[in-house]
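Note: the block below is entry35.cif and it holds mmCIF, C-alpha atoms.
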data_work
loop_
_atom_site.label_atom_id
_atom_site.label_comp_id
_atom_site.auth_asym_id
_atom_site.auth_seq_id
_atom_site.Cartn_x
_atom_site.Cartn_y
_atom_site.Cartn_z
CA MET Y 1 -5.93 -29.13 1.28
CA THR Y 2 -5.09 -29.07 -2.43
CA VAL Y 3 -4.45 -25.69 -4.05
CA ALA Y 4 -5.01 -25.29 -7.79
CA ILE Y 5 -2.70 -23.27 -10.02
CA ILE Y 6 -4.53 -22.33 -13.20
CA GLY Y 7 -2.00 -21.70 -15.97
CA GLY Y 8 0.41 -23.66 -13.86
CA THR Y 9 2.66 -24.76 -16.70
CA GLY Y 10 4.17 -21.28 -17.16
CA PRO Y 11 7.31 -20.14 -15.33
CA GLN Y 12 5.42 -18.46 -12.46
CA GLY Y 13 3.04 -21.39 -12.02
CA ARG Y 14 5.84 -23.97 -12.11
CA GLY Y 15 7.83 -22.08 -9.52
CA LEU Y 16 4.83 -21.73 -7.22
CA ALA Y 17 3.97 -25.42 -7.62
CA LEU Y 18 7.51 -26.41 -6.64
CA ARG Y 19 7.63 -24.05 -3.67
CA PHE Y 20 4.19 -24.98 -2.31
CA ALA Y 21 4.65 -28.73 -2.79
CA ARG Y 22 8.02 -28.54 -1.05
CA ALA Y 23 6.26 -26.75 1.81
CA GLY Y 24 3.74 -29.60 2.08
CA VAL Y 25 0.81 -28.14 0.11
CA PRO Y 26 -0.66 -30.56 -2.50
CA ILE Y 27 -0.88 -28.81 -5.87
CA ALA Y 28 -3.21 -29.38 -8.82
CA ILE Y 29 -1.71 -27.75 -11.90
CA GLY Y 30 -4.25 -26.67 -14.47
CA SER Y 31 -3.69 -25.97 -18.16
CA ARG Y 32 -5.88 -25.61 -21.23
CA ASP Y 33 -4.09 -28.83 -22.25
CA GLY Y 34 -4.55 -31.33 -19.43
CA ALA Y 35 -2.04 -33.78 -20.91
CA ARG Y 36 0.59 -31.05 -20.93
CA ALA Y 37 -0.21 -30.22 -17.30
CA ALA Y 38 0.24 -33.89 -16.38
CA GLU Y 39 3.66 -33.93 -18.08
CA VAL Y 40 4.76 -30.79 -16.23
CA ALA Y 41 3.43 -32.16 -12.95
CA ALA Y 42 5.52 -35.32 -13.42
CA GLU Y 43 8.58 -33.26 -14.30
CA LEU Y 44 8.19 -31.02 -11.24
CA THR Y 45 7.54 -34.00 -8.97
CA GLY Y 46 10.86 -35.45 -10.15
CA MET Y 47 12.64 -32.27 -9.09
CA LEU Y 48 11.46 -32.55 -5.49
CA GLY Y 49 12.51 -34.91 -2.75
CA GLU Y 50 10.37 -37.55 -1.12
CA GLY Y 51 9.00 -35.32 1.62
CA ALA Y 52 7.16 -33.03 -0.78
CA ALA Y 53 3.40 -32.99 -1.23
CA PRO Y 54 2.06 -34.36 -4.54
CA ILE Y 55 1.79 -32.27 -7.73
CA SER Y 56 -0.83 -33.45 -10.21
CA GLY Y 57 -1.75 -32.14 -13.68
CA HIS Y 58 -5.23 -31.51 -15.09
CA SER Y 59 -7.37 -29.39 -17.32
CA ASN Y 60 -8.08 -25.96 -15.80
CA GLU Y 61 -11.59 -27.11 -14.97
CA GLU Y 62 -10.47 -30.31 -13.25
CA ALA Y 63 -7.75 -28.49 -11.33
CA THR Y 64 -10.29 -25.96 -10.07
CA GLN Y 65 -12.55 -28.76 -8.92
CA ALA Y 66 -9.65 -30.49 -7.18
CA ALA Y 67 -9.02 -27.44 -4.99
CA GLU Y 68 -11.05 -27.45 -1.79
CA GLU Y 69 -10.60 -23.78 -0.90
CA MET Y 70 -8.08 -21.82 -2.94
CA VAL Y 71 -7.39 -21.42 -6.65
CA ILE Y 72 -4.40 -19.45 -7.93
CA LEU Y 73 -4.78 -17.74 -11.29
CA SER Y 74 -1.44 -17.57 -13.13
CA VAL Y 75 -2.17 -16.89 -16.78
CA PRO Y 76 -0.89 -14.16 -19.11
CA TYR Y 77 -3.09 -11.10 -18.75
CA ALA Y 78 -4.45 -11.60 -22.28
CA GLY Y 79 -6.22 -14.73 -21.01
CA HIS Y 80 -7.26 -13.36 -17.61
CA ASN Y 81 -10.92 -12.58 -18.16
CA ALA Y 82 -11.73 -15.43 -20.54
CA THR Y 83 -10.21 -17.98 -18.17
CA LEU Y 84 -12.23 -16.62 -15.26
CA GLU Y 85 -15.45 -16.56 -17.27
CA ALA Y 86 -14.99 -20.25 -18.06
CA LEU Y 87 -14.14 -21.22 -14.47
CA LYS Y 88 -16.68 -19.02 -12.68
CA PRO Y 89 -19.27 -21.80 -12.14
CA LEU Y 90 -16.58 -23.99 -10.54
CA LEU Y 91 -15.29 -21.30 -8.18
CA ALA Y 92 -18.34 -21.13 -5.90
CA SER Y 93 -17.33 -21.14 -2.22
CA LYS Y 94 -13.64 -20.93 -3.15
CA THR Y 95 -11.17 -18.03 -2.94
CA LEU Y 96 -9.46 -16.88 -6.11
CA ILE Y 97 -5.85 -15.77 -5.67
CA ASP Y 98 -5.06 -13.48 -8.59
CA ILE Y 99 -1.32 -13.11 -9.24
CA VAL Y 100 -1.71 -11.67 -12.75
CA VAL Y 101 0.01 -8.37 -13.65
CA PRO Y 102 -1.49 -6.51 -16.61
CA LEU Y 103 1.83 -5.69 -18.30
CA SER Y 104 1.58 -3.65 -21.47
CA PRO Y 105 1.85 -5.94 -24.51
CA ASP Y 106 4.25 -3.38 -25.98
CA ASP Y 107 6.52 -2.81 -22.98
CA PRO Y 108 6.93 -5.04 -19.91
CA LYS Y 109 8.23 -2.04 -17.96
CA VAL Y 110 4.75 -0.49 -17.99
CA VAL Y 111 1.35 -1.61 -16.74
CA SER Y 112 -1.76 -1.33 -18.84
CA MET Y 113 -4.53 -1.48 -16.27
CA PRO Y 114 -8.07 -2.54 -17.21
CA PRO Y 115 -10.98 -0.12 -16.78
CA GLU Y 116 -11.73 -1.66 -13.36
CA GLY Y 117 -8.36 -0.35 -12.13
CA SER Y 118 -6.38 -3.59 -11.78
CA ALA Y 119 -6.53 -7.27 -12.64
CA THR Y 120 -7.69 -8.09 -9.11
CA GLU Y 121 -10.57 -5.63 -9.36
CA ALA Y 122 -11.46 -6.90 -12.83
CA ALA Y 123 -11.57 -10.45 -11.47
CA GLN Y 124 -13.76 -9.40 -8.54
CA ALA Y 125 -16.15 -7.57 -10.85
CA LEU Y 126 -16.34 -10.57 -13.15
CA LEU Y 127 -16.81 -13.20 -10.42
CA GLY Y 128 -19.30 -11.18 -8.39
CA PRO Y 129 -19.43 -10.58 -4.65
CA ASP Y 130 -19.85 -14.21 -3.57
CA ILE Y 131 -16.41 -15.35 -4.75
CA PRO Y 132 -13.68 -13.48 -2.88
CA VAL Y 133 -10.69 -12.40 -4.96
CA VAL Y 134 -7.34 -11.76 -3.32
CA GLY Y 135 -4.39 -10.23 -5.14
CA ALA Y 136 -1.01 -11.57 -4.04
CA LEU Y 137 2.41 -12.81 -5.19
CA HIS Y 138 2.62 -10.30 -8.06
CA ASN Y 139 6.12 -9.13 -7.26
CA VAL Y 140 8.01 -12.41 -6.87
CA SER Y 141 10.07 -13.14 -9.96
CA ALA Y 142 9.58 -16.49 -11.67
CA HIS Y 143 13.34 -16.92 -11.72
CA THR Y 144 13.49 -16.61 -7.95
CA LEU Y 145 10.58 -19.02 -7.48
CA ASN Y 146 12.28 -21.61 -9.66
CA SER Y 147 15.68 -21.23 -7.97
CA LEU Y 148 14.92 -23.59 -5.13
CA ASP Y 149 18.25 -23.06 -3.43
CA TRP Y 150 17.38 -19.36 -2.95
CA ASP Y 151 15.17 -17.99 -0.26
CA ILE Y 152 12.42 -15.83 -1.73
CA ASN Y 153 13.86 -12.35 -1.67
CA CYS Y 154 10.84 -10.22 -1.01
CA ASP Y 155 7.76 -9.64 1.07
CA VAL Y 156 4.27 -10.26 -0.31
CA LEU Y 157 1.57 -7.58 -0.28
CA VAL Y 158 -1.92 -9.10 -0.09
CA CYS Y 159 -5.10 -7.19 -0.98
CA GLY Y 160 -8.76 -7.93 -1.50
CA ASN Y 161 -12.17 -6.81 -0.33
CA SER Y 162 -12.67 -9.71 2.10
CA LEU Y 163 -10.48 -9.52 5.20
CA ASP Y 164 -11.15 -13.20 5.95
CA ALA Y 165 -9.97 -14.20 2.48
CA ARG Y 166 -6.87 -11.99 2.83
CA LYS Y 167 -6.02 -13.75 6.09
CA GLN Y 168 -6.58 -17.15 4.48
CA VAL Y 169 -4.19 -16.27 1.64
CA MET Y 170 -1.62 -14.74 3.98
CA ALA Y 171 -1.60 -18.00 5.94
CA LEU Y 172 -1.07 -19.99 2.74
CA VAL Y 173 1.67 -17.77 1.31
CA SER Y 174 3.48 -17.64 4.64
CA LYS Y 175 4.19 -21.35 4.17
CA LEU Y 176 6.73 -20.30 1.52
CA GLY Y 177 8.80 -18.67 4.23
CA VAL Y 178 7.94 -15.14 3.16
CA THR Y 179 6.44 -12.33 5.19
CA CYS Y 180 2.98 -11.22 4.05
CA PHE Y 181 1.44 -7.83 4.67
CA ASN Y 182 -2.22 -6.90 4.59
CA ALA Y 183 -2.30 -4.17 1.94
CA GLY Y 184 -6.01 -3.43 2.18
CA ALA Y 185 -8.92 -3.66 -0.23
CA ALA Y 186 -8.84 -4.80 -3.84
CA ASN Y 187 -8.13 -1.28 -5.13
CA SER Y 188 -4.69 -1.48 -3.53
CA ALA Y 189 -3.90 -3.85 -6.39
CA ARG Y 190 -3.56 -0.74 -8.59
CA CYS Y 191 -0.37 -0.18 -6.65
CA VAL Y 192 0.71 -3.72 -5.86
CA GLU Y 193 0.39 -5.05 -9.42
CA ALA Y 194 2.18 -1.95 -10.75
CA ILE Y 195 5.24 -2.59 -8.59
CA THR Y 196 6.18 -5.49 -10.88
CA PRO Y 197 6.97 -3.44 -14.01
CA ILE Y 198 9.02 -1.06 -11.85
CA LEU Y 199 11.04 -4.07 -10.68
CA ILE Y 200 11.34 -5.27 -14.30
CA ARG Y 201 12.68 -1.81 -15.23
CA ILE Y 202 15.20 -1.95 -12.40
CA ASN Y 203 16.34 -5.39 -13.55
CA ILE Y 204 16.54 -4.52 -17.26
CA SER Y 205 18.37 -1.24 -16.74
CA LYS Y 206 20.87 -2.88 -14.39
CA GLN Y 207 20.30 -0.29 -11.68
CA VAL Y 208 21.23 -2.92 -9.13
CA PRO Y 209 24.18 -5.30 -8.99
CA PHE Y 210 21.78 -8.24 -9.16
CA THR Y 211 18.72 -9.25 -11.13
CA HIS Y 212 15.31 -10.44 -9.96
CA ALA Y 213 14.83 -7.52 -7.60
CA GLY Y 214 12.04 -7.70 -5.04
CA ILE Y 215 10.59 -5.34 -2.48
CA LYS Y 216 10.73 -5.55 1.26
CA ILE Y 217 8.90 -3.61 3.93
CA TRP Y 218 11.74 -2.31 5.99
CA PRO Y 219 12.12 -1.23 9.59
CA PRO Y 220 13.89 1.97 10.51
CA GLU Y 221 17.60 1.56 11.07
CA ARG Y 222 18.36 3.29 14.33
CA MET F 1 22.50 25.51 -5.41
CA THR F 2 19.53 26.39 -3.23
CA VAL F 3 16.56 24.02 -3.25
CA ALA F 4 13.11 25.36 -2.33
CA ILE F 5 10.63 23.41 -0.24
CA ILE F 6 7.13 24.77 -0.81
CA GLY F 7 4.98 23.99 2.19
CA GLY F 8 8.19 23.52 4.07
CA THR F 9 6.80 24.24 7.53
CA GLY F 10 4.89 20.93 7.70
CA PRO F 11 6.41 17.76 9.16
CA GLN F 12 7.61 16.39 5.82
CA GLY F 13 9.04 19.72 4.71
CA ARG F 14 10.80 20.32 8.02
CA GLY F 15 12.38 16.88 7.94
CA LEU F 16 13.58 17.32 4.37
CA ALA F 17 14.97 20.77 5.16
CA LEU F 18 16.96 19.37 8.09
CA ARG F 19 18.25 16.40 6.11
CA PHE F 20 19.22 18.40 3.02
CA ALA F 21 20.85 21.24 4.98
CA ARG F 22 22.82 18.74 7.01
CA ALA F 23 23.97 17.21 3.71
CA GLY F 24 25.20 20.62 2.54
CA VAL F 25 22.27 21.71 0.36
CA PRO F 26 21.05 25.30 1.07
CA ILE F 27 17.29 25.28 1.63
CA ALA F 28 14.67 27.98 1.08
CA ILE F 29 11.54 27.06 3.00
CA GLY F 30 8.35 28.48 1.53
CA SER F 31 5.00 28.98 3.23
CA ARG F 32 1.85 30.93 2.52
CA ASP F 33 2.97 32.86 5.61
CA GLY F 34 6.53 34.03 4.97
CA ALA F 35 7.03 35.17 8.59
CA ARG F 36 6.07 31.72 9.81
CA ALA F 37 8.54 30.18 7.34
CA ALA F 38 11.29 32.45 8.69
CA GLU F 39 10.52 31.33 12.26
CA VAL F 40 10.65 27.67 11.29
CA ALA F 41 13.88 28.23 9.35
CA ALA F 42 15.49 29.78 12.43
CA GLU F 43 14.26 26.91 14.60
CA LEU F 44 15.59 24.26 12.21
CA THR F 45 18.91 26.09 11.83
CA GLY F 46 19.27 25.93 15.60
CA MET F 47 18.86 22.17 15.52
CA LEU F 48 21.80 21.67 13.16
CA GLY F 49 25.51 22.00 13.77
CA GLU F 50 27.83 24.57 12.26
CA GLY F 51 28.73 22.52 9.22
CA ALA F 52 25.20 22.56 7.82
CA ALA F 53 24.10 24.62 4.83
CA PRO F 54 21.79 27.58 5.56
CA ILE F 55 18.01 27.25 5.88
CA SER F 56 16.03 30.41 5.11
CA GLY F 57 12.29 31.14 5.28
CA HIS F 58 10.15 32.94 2.71
CA SER F 59 6.79 33.20 1.07
CA ASN F 60 6.18 30.37 -1.39
CA GLU F 61 6.82 32.77 -4.27
CA GLU F 62 10.11 34.04 -2.86
CA ALA F 63 11.29 30.54 -2.03
CA THR F 64 10.56 29.42 -5.59
CA GLN F 65 12.55 32.36 -6.93
CA ALA F 66 15.44 31.56 -4.57
CA ALA F 67 15.81 28.06 -6.07
CA GLU F 68 18.12 27.95 -9.06
CA GLU F 69 17.08 24.56 -10.38
CA MET F 70 14.82 22.49 -8.15
CA VAL F 71 11.63 23.16 -6.20
CA ILE F 72 10.11 20.56 -3.90
CA LEU F 73 6.32 20.64 -3.47
CA SER F 74 5.32 19.46 0.01
CA VAL F 75 1.78 20.65 0.65
CA PRO F 76 -1.34 18.71 1.67
CA TYR F 77 -3.03 17.33 -1.41
CA ALA F 78 -5.96 19.70 -0.93
CA GLY F 79 -3.62 22.59 -1.80
CA HIS F 80 -1.67 20.82 -4.56
CA ASN F 81 -3.20 22.29 -7.68
CA ALA F 82 -3.90 25.79 -6.37
CA THR F 83 -0.32 26.12 -5.13
CA LEU F 84 1.06 25.05 -8.50
CA GLU F 85 -1.26 27.39 -10.39
CA ALA F 86 0.06 30.30 -8.36
CA LEU F 87 3.73 29.31 -8.75
CA LYS F 88 3.63 28.26 -12.40
CA PRO F 89 5.04 31.54 -13.79
CA LEU F 90 7.99 31.28 -11.40
CA LEU F 91 8.83 27.67 -12.26
CA ALA F 92 10.08 28.29 -15.80
CA SER F 93 13.37 26.44 -16.44
CA LYS F 94 13.14 24.70 -13.06
CA THR F 95 12.31 21.13 -12.12
CA LEU F 96 9.37 20.50 -9.81
CA ILE F 97 9.83 17.63 -7.37
CA ASP F 98 6.35 16.50 -6.35
CA ILE F 99 6.30 14.53 -3.09
CA VAL F 100 2.56 14.88 -2.50
CA VAL F 101 0.43 11.77 -1.89
CA PRO F 102 -3.30 12.16 -2.62
CA LEU F 103 -4.52 10.45 0.55
CA SER F 104 -8.26 10.14 0.90
CA PRO F 105 -9.58 12.88 3.20
CA ASP F 106 -11.68 10.19 4.88
CA ASP F 107 -9.05 7.48 5.34
CA PRO F 108 -5.25 7.89 5.25
CA LYS F 109 -4.92 4.19 4.45
CA VAL F 110 -6.38 4.77 0.98
CA VAL F 111 -5.39 6.95 -1.97
CA SER F 112 -7.87 9.09 -3.82
CA MET F 113 -6.15 9.70 -7.13
CA PRO F 114 -7.03 12.69 -9.33
CA PRO F 115 -8.45 12.12 -12.82
CA GLU F 116 -4.94 12.47 -14.28
CA GLY F 117 -3.97 9.28 -12.44
CA SER F 118 -1.65 10.65 -9.74
CA ALA F 119 -0.50 13.90 -8.19
CA THR F 120 2.66 13.85 -10.30
CA GLU F 121 0.66 13.51 -13.50
CA ALA F 122 -1.77 16.23 -12.37
CA ALA F 123 1.18 18.54 -11.74
CA GLN F 124 2.69 17.77 -15.13
CA ALA F 125 -0.63 18.43 -16.87
CA LEU F 126 -1.05 21.69 -15.00
CA LEU F 127 2.49 22.99 -15.56
CA GLY F 128 2.70 21.96 -19.20
CA PRO F 129 5.49 20.19 -21.06
CA ASP F 130 8.19 22.83 -20.51
CA ILE F 131 8.42 22.39 -16.74
CA PRO F 132 9.54 18.85 -15.90
CA VAL F 133 7.80 17.25 -12.94
CA VAL F 134 9.46 14.43 -11.04
CA GLY F 135 7.70 12.38 -8.37
CA ALA F 136 9.95 11.29 -5.50
CA LEU F 137 10.24 10.90 -1.73
CA HIS F 138 6.59 9.88 -1.28
CA ASN F 139 7.30 6.87 0.90
CA VAL F 140 9.66 8.32 3.50
CA SER F 141 7.83 8.95 6.75
CA ALA F 142 8.03 12.42 8.26
CA HIS F 143 8.90 10.84 11.59
CA THR F 144 11.93 9.15 10.05
CA LEU F 145 13.03 12.35 8.31
CA ASN F 146 12.83 14.29 11.56
CA SER F 147 14.68 11.63 13.58
CA LEU F 148 18.13 12.82 12.65
CA ASP F 149 19.90 10.08 14.55
CA TRP F 150 18.24 7.48 12.28
CA ASP F 151 19.38 6.59 8.83
CA ILE F 152 16.54 6.84 6.35
CA ASN F 153 15.08 3.37 6.25
CA CYS F 154 13.98 3.02 2.67
CA ASP F 155 14.85 3.41 -0.96
CA VAL F 156 13.37 6.20 -3.08
CA LEU F 157 11.51 5.49 -6.32
CA VAL F 158 11.80 8.39 -8.77
CA CYS F 159 9.49 8.87 -11.76
CA GLY F 160 8.75 11.51 -14.36
CA ASN F 161 8.53 11.96 -18.09
CA SER F 162 11.96 13.59 -18.46
CA LEU F 163 14.86 11.19 -17.97
CA ASP F 164 17.25 14.12 -17.48
CA ALA F 165 15.09 15.54 -14.72
CA ARG F 166 14.82 12.12 -13.08
CA LYS F 167 18.61 11.86 -13.04
CA GLN F 168 18.91 15.38 -11.61
CA VAL F 169 16.51 14.50 -8.78
CA MET F 170 18.16 11.13 -8.12
CA ALA F 171 21.49 12.94 -7.73
CA LEU F 172 19.92 15.38 -5.26
CA VAL F 173 18.09 12.78 -3.19
CA SER F 174 21.15 10.53 -3.08
CA LYS F 175 22.79 13.23 -0.95
CA LEU F 176 20.50 12.07 1.87
CA GLY F 177 22.32 8.74 1.93
CA VAL F 178 19.46 6.83 0.36
CA THR F 179 19.44 4.69 -2.75
CA CYS F 180 17.28 6.03 -5.58
CA PHE F 181 15.77 3.96 -8.37
CA ASN F 182 14.54 5.13 -11.73
CA ALA F 183 10.90 4.01 -11.71
CA GLY F 184 10.03 5.25 -15.19
CA ALA F 185 7.59 7.80 -16.55
CA ALA F 186 5.15 9.97 -14.60
CA ASN F 187 2.41 7.35 -14.76
CA SER F 188 4.49 5.13 -12.46
CA ALA F 189 3.45 7.63 -9.78
CA ARG F 190 0.07 5.83 -9.72
CA CYS F 191 2.00 3.04 -8.04
CA VAL F 192 4.68 4.97 -6.17
CA GLU F 193 2.32 7.45 -4.51
CA ALA F 194 -0.04 4.61 -3.59
CA ILE F 195 2.66 2.74 -1.67
CA THR F 196 2.40 5.35 1.10
CA PRO F 197 -1.13 4.48 2.30
CA ILE F 198 -0.16 0.79 2.27
CA LEU F 199 2.74 1.67 4.58
CA ILE F 200 0.38 3.76 6.73
CA ARG F 201 -1.93 0.72 6.97
CA ILE F 202 0.98 -1.50 7.98
CA ASN F 203 1.99 1.01 10.65
CA ILE F 204 -1.52 1.58 12.02
CA SER F 205 -2.43 -2.10 12.14
CA LYS F 206 0.84 -2.96 13.87
CA GLN F 207 1.68 -5.66 11.34
CA VAL F 208 5.34 -5.03 12.04
CA PRO F 209 7.23 -4.76 15.31
CA PHE F 210 8.18 -1.18 14.44
CA THR F 211 6.47 1.88 13.06
CA HIS F 212 7.41 4.15 10.17
CA ALA F 213 7.80 1.27 7.73
CA GLY F 214 9.51 1.93 4.41
CA ILE F 215 10.18 -0.10 1.29
CA LYS F 216 13.45 -1.39 -0.04
CA ILE F 217 14.36 -2.92 -3.34
CA TRP F 218 15.93 -6.14 -2.30
CA PRO F 219 18.45 -8.52 -3.84
CA PRO F 220 17.92 -12.25 -3.88
CA GLU F 221 19.29 -14.04 -0.88
CA ARG F 222 21.26 -16.98 -2.17
#

For this file, produce the structure as structure tokens.
Amino acid sequence: MTVAIIGGTGPQGRGLALRFARAGVPIAIGSRDGARAAEVAAELTGMLGEGAAPISGHSNEEATQAAEEMVILSVPYAGHNATLEALKPLLASKTLIDIVVPLSPDDPKVVSMPPEGSATEAAQALLGPDIPVVGALHNVSAHTLNSLDWDINCDVLVCGNSLDARKQVMALVSKLGVTCFNAGAANSARCVEAITPILIRINISKQVPFTHAGIKIWPPER
Amino acid sequence: MTVAIIGGTGPQGRGLALRFARAGVPIAIGSRDGARAAEVAAELTGMLGEGAAPISGHSNEEATQAAEEMVILSVPYAGHNATLEALKPLLASKTLIDIVVPLSPDDPKVVSMPPEGSATEAAQALLGPDIPVVGALHNVSAHTLNSLDWDINCDVLVCGNSLDARKQVMALVSKLGVTCFNAGAANSARCVEAITPILIRINISKQVPFTHAGIKIWPPER
């Protein structure tokens, strides 16, 4: 089953393409510039060994059509709604995985949520009730994703109004070797998306002896 | 320096009183019923060894007056604003530490945020700019706090509009042996408070082989 990554030529999209392909998931990278997506797909393919699934490059529309079930949206927030408007007719009977964080254009340590409450909720409102939207993967740093010799250092909180779609996405993301948690309905994205700028603040202000902080759900230490 | 815990006879307040007193911080428990607070203070004192700082019980007003610098608000959200209205005149030149999570009355797996965006922001709006409000300790389960043979299993995200007040609260909370992170201004509480119902969901739905989940900021594993 091919998964599309719309906006897949950016750092987050590239890292996800590498990680999923290495885990055996064929990836169709989409970009507004299909030729550019094909170049990036070839570059990423060259970084992986022979056992990896294929990575191909396309226009956003073609990539969406290439995905049987799941389409990941990985564009800057400024292009979030316009990209979805354009792809909406092609998303019928597919699940949209929204990984976009509405960072403030003035300060990446702060979110600037849309009137719907979060990017995930804005996407669900825009696509209507027949196309399930699942928010996930917001809190994984692009640097970590692209550092293939690192394990991914965090858990993934998954939210959306369809429990079936949440489970579908949790099964996909689990292939990356991370633990997923069901974080509830789409309005939980108001929290989950907003964790990212807190992590960015922690990284920038050097509050930790490392960068690229993540979050983990943690058991009690007894 | 005595720290007050308003609503300190509830599970969260009791656990914090035990943990802080054990760490050497004198605690003034406040309750609408001062006699009840005195009973609970005596009970908690009996649970601690001789090296602990004193725990005393008072009305909410007396407890607030007993605190030199910091007052922790630990009441159910339904009483959040009315309690603050009553205590406002006594909070001058003190820092309010708001640990309240606005859980939905219908479903503890969901937040029901006030129009200000979060309980911390509602408190700051109500108290005005001269009384700094810091949100903290939202995500530590009462069960963990009251299980004195456990280490606290999570990090603490601290937010508020005054950086000085955030630092003051981080220094206090660090006495519990937990790691605090500066999570930014009061509007970060929209995220930090909302982590709690996600943890409650994870606990209730048994997504983890333990209960009383917490969050940790996590370094990359290389």

Check your understanding: Looking at Y:Leu145, Y:Val134, Y:Ala42, Y:Ala37, which one is nearest to chain F, with distances taken over all atoms listed in the file?
Key -> Y:Leu145

Review point. Taking all atoms listed in the file into account, which residues of chain Y are within 10 Å of chain F, as a VMD selection string?
Key: chain Y and resid 109 to 111 141 144 147 to 155 157 159 180 to 185 187 to 202 205 207 to 222

**Study point:** Counting all atoms listed in the file, the residue of Y:Leu87, Y:Ala38, Y:Val71, Y:Leu18 that sits nearest Ala4 (chain Y)
**Key:** Y:Val71

Point to revise | CA of Ala142 (chain F) to CA of His138 (chain Y), straight-line distance in Å | key: 28.5 Å

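Closest to Met1 (chain F) among F:Leu137, F:Ala186, F:Met113, F:Ala21 is F:Ala21, based on all atoms listed in the file.
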
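Those residues returned by the PyMOL selection byres ((chain F and resi 175) around 10) for this file are Arg19, Phe20, Arg22, Ala23, Gly24, Val25, Met170, Ala171, Leu172, Val173, Ser174, Leu176, Gly177, Val178 and Thr179 of chain F.
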
Revision key, fill the gap. One residue among F:Asp98, F:Glu61, F:Asp107, F:Glu116 is nearest to Arg166 (chain F) when using all atoms listed in the file, and that residue is F:Asp98

Review point. How would you write, as a ChimeraX atom specification, the residues chosen by the PyMOL selection byres ((chain F and resi 100) around 8) on this structure?
Key: /F:73-77,80,98-99,101-102,119-120,138,193

Revision key, fill the gap. Using all atoms listed in the file, the shortest atom-to-atom distance to Asp130 (chain Y) among Y:Leu96, Y:Val169, Y:Ile6, Y:Ala63 belongs to Y:Leu96

I'd like the box whose edges run along x, y and z of the file and which contains every listed atom of region 25-35 of chain Y, padded by 8 Å per side; could you state its centre and edge lengths in Å, one decimal, as JSON?
{"center_x": -2.5, "center_y": -29.7, "center_z": -11.1, "size_x": 22.7, "size_y": 24.2, "size_z": 38.4}

Practice item. Enter the distance from CA of Ala92 (chain Y) to CA of Gln12 (chain Y), in Å, rounded to one decimal. Key: 24.8 Å

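Among F:Asn161, F:Thr2, F:Ser59, F:Ser112, the residue with the shortest atom-to-atom distance to Ile27 (chain F), counting all atoms listed in the file, is F:Thr2.
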
Check your understanding: Hey, can you check how far CA of Asp106 (chain F) sits from CA of Val156 (chain F)?
Key -> 26.6 Å
